[in-house]
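Asks: If you scroll down you'll find the structure; I have some questions about it.
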Amino acid sequence: MGAKLSGSGGGEEMNSTINVTPFVDVMLVLLIIFMVAAPLAAVTVKVQLPPAVAKPGTNPPKPVYISLQANGRIFIQDFPTDLANLGDDLRRQVGAKRDPAHERIFIRGDKDVMYGDFMSVMNMLQDNQFYSVALVGEDKSK
């Protein structure tokens with residue numbers, strides 16, 4: 001609220017209008033930030049998850065997902081890989097500063113994935129010192 005000097009008598013008259021321009025500017029900046037950041041947080045590889053009955057645990061700061069499709073294709077986040085390059089691609093995705101032995105890897109497997117393919121991925125993770133693995137299932141309790 002500002003003050004306005006009047007010409008007669010030297011008294012002050014209060015200006016009661018609200019300036020909303022800074023509020024609109026801040027809101028537009030926040031809208032742009034959320035529009036840019038929202039697509040980066042989603043996994044776009046389609047798999048049919050089997051139902052899960054376990055209570056969900058806490059997530060790491062930056063979760064790393066391995067997706068297994070029914071046709072045998074393997075993805076780390078949204079990037080395709082194969083069994084031979086899984087360890088190197090996973091280390092590149094996790095980063096050099098994080099210890100593989102303590103890094104939790106989330107596996108999203110289609111409900112029609114062959115058990116042998118799943119175990120091949122698990123063995124490759126163990127061979128590359130990734131020992132903390134979490135399995136992702138669809139929450140059917142809601």
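Each chain of the structure tokens is named A, B, ... in the order shown, its residues numbered from 1; ligands are numbered from 1 in display order.
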If you run DSSP on the backbone, which residues of chain A are strand (DSSP E or B), as an MDAnalysis selection string?
Replies: chainID A and resid 2:5 12:15 51:52 64:68 74:76 79:81 104:109 132:136 138:139
Asks: How would the residues just chosen look if you wrote them out with N, CA, C and O atoms as a compact mmCIF listing (two decimals), in the first residue's frame?
Replies:
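Final file, again-v4.txt:
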# COMPACT_ATOMS: atom_id res chain seq x y z
N GLY A 2 0.59 2.18 -0.84
CA GLY A 2 1.42 3.36 -0.95
C GLY A 2 0.68 4.61 -0.53
O GLY A 2 -0.53 4.61 -0.37
N ALA A 3 1.38 5.69 -0.39
CA ALA A 3 0.78 6.97 -0.01
C ALA A 3 0.83 7.90 -1.21
O ALA A 3 1.77 7.87 -1.98
N LYS A 4 -0.18 8.72 -1.34
CA LYS A 4 -0.26 9.67 -2.44
C LYS A 4 -0.43 11.06 -1.83
O LYS A 4 -1.29 11.25 -0.96
N LEU A 5 0.37 12.02 -2.26
CA LEU A 5 0.25 13.38 -1.76
C LEU A 5 -0.83 14.10 -2.54
O LEU A 5 -0.86 14.05 -3.76
N GLU A 12 -2.21 13.57 3.38
CA GLU A 12 -1.90 12.34 2.65
C GLU A 12 -3.15 11.52 2.46
O GLU A 12 -3.96 11.40 3.36
N GLU A 13 -3.29 10.93 1.26
CA GLU A 13 -4.42 10.04 0.97
C GLU A 13 -3.84 8.67 0.66
O GLU A 13 -2.88 8.55 -0.08
N MET A 14 -4.41 7.61 1.24
CA MET A 14 -3.88 6.27 1.06
C MET A 14 -4.33 5.68 -0.28
O MET A 14 -5.49 5.83 -0.65
N ASN A 15 -3.40 5.03 -0.99
CA ASN A 15 -3.71 4.33 -2.24
C ASN A 15 -3.94 2.87 -1.89
O ASN A 15 -3.03 2.18 -1.45
N PRO A 51 0.58 -57.77 -9.54
CA PRO A 51 0.18 -57.11 -8.30
C PRO A 51 1.18 -57.35 -7.17
O PRO A 51 1.82 -58.39 -7.10
N ALA A 52 1.30 -56.36 -6.29
CA ALA A 52 2.20 -56.45 -5.13
C ALA A 52 1.38 -56.37 -3.86
O ALA A 52 0.42 -55.63 -3.77
N VAL A 64 16.95 -45.79 -9.64
CA VAL A 64 17.38 -46.32 -10.94
C VAL A 64 16.51 -47.54 -11.23
O VAL A 64 16.45 -48.47 -10.45
N TYR A 65 15.82 -47.50 -12.37
CA TYR A 65 14.90 -48.57 -12.75
C TYR A 65 15.48 -49.38 -13.89
O TYR A 65 16.00 -48.82 -14.86
N ILE A 66 15.36 -50.71 -13.77
CA ILE A 66 15.62 -51.61 -14.89
C ILE A 66 14.26 -52.19 -15.27
O ILE A 66 13.55 -52.72 -14.42
N SER A 67 13.88 -52.05 -16.53
CA SER A 67 12.60 -52.55 -17.01
C SER A 67 12.83 -53.75 -17.91
O SER A 67 13.67 -53.70 -18.82
N LEU A 68 12.10 -54.84 -17.64
CA LEU A 68 12.18 -56.05 -18.46
C LEU A 68 10.84 -56.22 -19.16
O LEU A 68 9.81 -56.36 -18.51
N ILE A 74 15.56 -55.13 -22.52
CA ILE A 74 15.98 -54.61 -21.22
C ILE A 74 16.21 -53.11 -21.37
O ILE A 74 16.84 -52.67 -22.34
N PHE A 75 15.74 -52.33 -20.39
CA PHE A 75 15.92 -50.89 -20.38
C PHE A 75 16.46 -50.47 -19.02
O PHE A 75 16.05 -51.00 -18.00
N ILE A 76 17.37 -49.49 -19.02
CA ILE A 76 17.79 -48.80 -17.81
C ILE A 76 17.21 -47.41 -17.92
O ILE A 76 17.56 -46.67 -18.84
N PHE A 79 16.42 -45.97 -21.47
CA PHE A 79 17.43 -46.26 -22.48
C PHE A 79 17.59 -47.77 -22.67
O PHE A 79 17.83 -48.50 -21.70
N PRO A 80 17.49 -48.26 -23.89
CA PRO A 80 17.64 -49.70 -24.13
C PRO A 80 19.08 -50.16 -23.90
O PRO A 80 20.03 -49.42 -24.12
N THR A 81 19.23 -51.39 -23.44
CA THR A 81 20.54 -52.01 -23.24
C THR A 81 20.37 -53.50 -23.48
O THR A 81 19.28 -53.96 -23.81
N ARG A 104 20.59 -49.08 -4.50
CA ARG A 104 19.40 -49.91 -4.69
C ARG A 104 18.92 -49.77 -6.13
O ARG A 104 18.71 -48.67 -6.62
N ILE A 105 18.72 -50.90 -6.79
CA ILE A 105 18.25 -50.95 -8.16
C ILE A 105 16.82 -51.49 -8.14
O ILE A 105 16.55 -52.53 -7.56
N PHE A 106 15.90 -50.78 -8.79
CA PHE A 106 14.50 -51.19 -8.86
C PHE A 106 14.26 -51.92 -10.18
O PHE A 106 14.56 -51.38 -11.24
N ILE A 107 13.73 -53.12 -10.10
CA ILE A 107 13.47 -53.91 -11.30
C ILE A 107 11.97 -53.94 -11.55
O ILE A 107 11.19 -54.35 -10.68
N ARG A 108 11.58 -53.50 -12.74
CA ARG A 108 10.19 -53.52 -13.19
C ARG A 108 10.10 -54.61 -14.25
O ARG A 108 10.56 -54.42 -15.36
N GLY A 109 9.51 -55.73 -13.93
CA GLY A 109 9.41 -56.82 -14.88
C GLY A 109 7.98 -57.07 -15.31
O GLY A 109 7.07 -57.11 -14.48
N SER A 132 21.91 -54.65 -3.88
CA SER A 132 20.65 -54.20 -3.31
C SER A 132 19.63 -54.04 -4.44
O SER A 132 19.72 -53.14 -5.26
N VAL A 133 18.65 -54.95 -4.46
CA VAL A 133 17.67 -54.98 -5.54
C VAL A 133 16.28 -54.94 -4.94
O VAL A 133 16.00 -55.60 -3.94
N ALA A 134 15.40 -54.14 -5.54
CA ALA A 134 14.00 -54.08 -5.12
C ALA A 134 13.13 -54.40 -6.34
O ALA A 134 13.43 -53.96 -7.44
N LEU A 135 12.09 -55.19 -6.13
CA LEU A 135 11.18 -55.55 -7.21
C LEU A 135 9.95 -54.66 -7.14
O LEU A 135 9.38 -54.46 -6.07
N VAL A 136 9.54 -54.12 -8.28
CA VAL A 136 8.40 -53.21 -8.36
C VAL A 136 7.18 -53.97 -8.84
O VAL A 136 7.25 -54.71 -9.83
N GLU A 138 2.62 -53.66 -9.17
CA GLU A 138 1.50 -52.72 -9.21
C GLU A 138 0.72 -52.83 -7.91
O GLU A 138 0.42 -53.93 -7.44
N ASP A 139 0.36 -51.70 -7.33
CA ASP A 139 -0.38 -51.67 -6.08
C ASP A 139 -1.87 -51.82 -6.39
O ASP A 139 -2.51 -50.92 -6.90
Asks: How would you write, as a ChimeraX atom specification, the set of residues in chain A that DSSP gives as helix (DSSP H, G or I)?
Replies: /A:21-41,86-94,100-102,115-127
Asks: What's the separation between CA of Asp127 (chain A) and CA of Ala41 (chain A), in Å to one decimal place?
Replies: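 These two atoms are separated by 28.8 Å.
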Asks: Have a look at CA of Gly72 (chain A) and CA of Ala38 (chain A) and let me know their distance in Å, one decimal.
Replies: 28.7 Å
Asks: Between CA of Met122 (chain A) and CA of Lys46 (chain A), what is the distance, to one decimal in Å?
Replies: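 CA of Lys46 (chain A) lies 20.4 Å from CA of Met122 (chain A).
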Asks: Compare A:Arg91, A:Ser141, A:Thr44, A:Asp99 by their minimum atom-to-atom distance to Gln77 (chain A), counting only C-alpha atoms, and give me the closest one.
Replies: A:Thr44
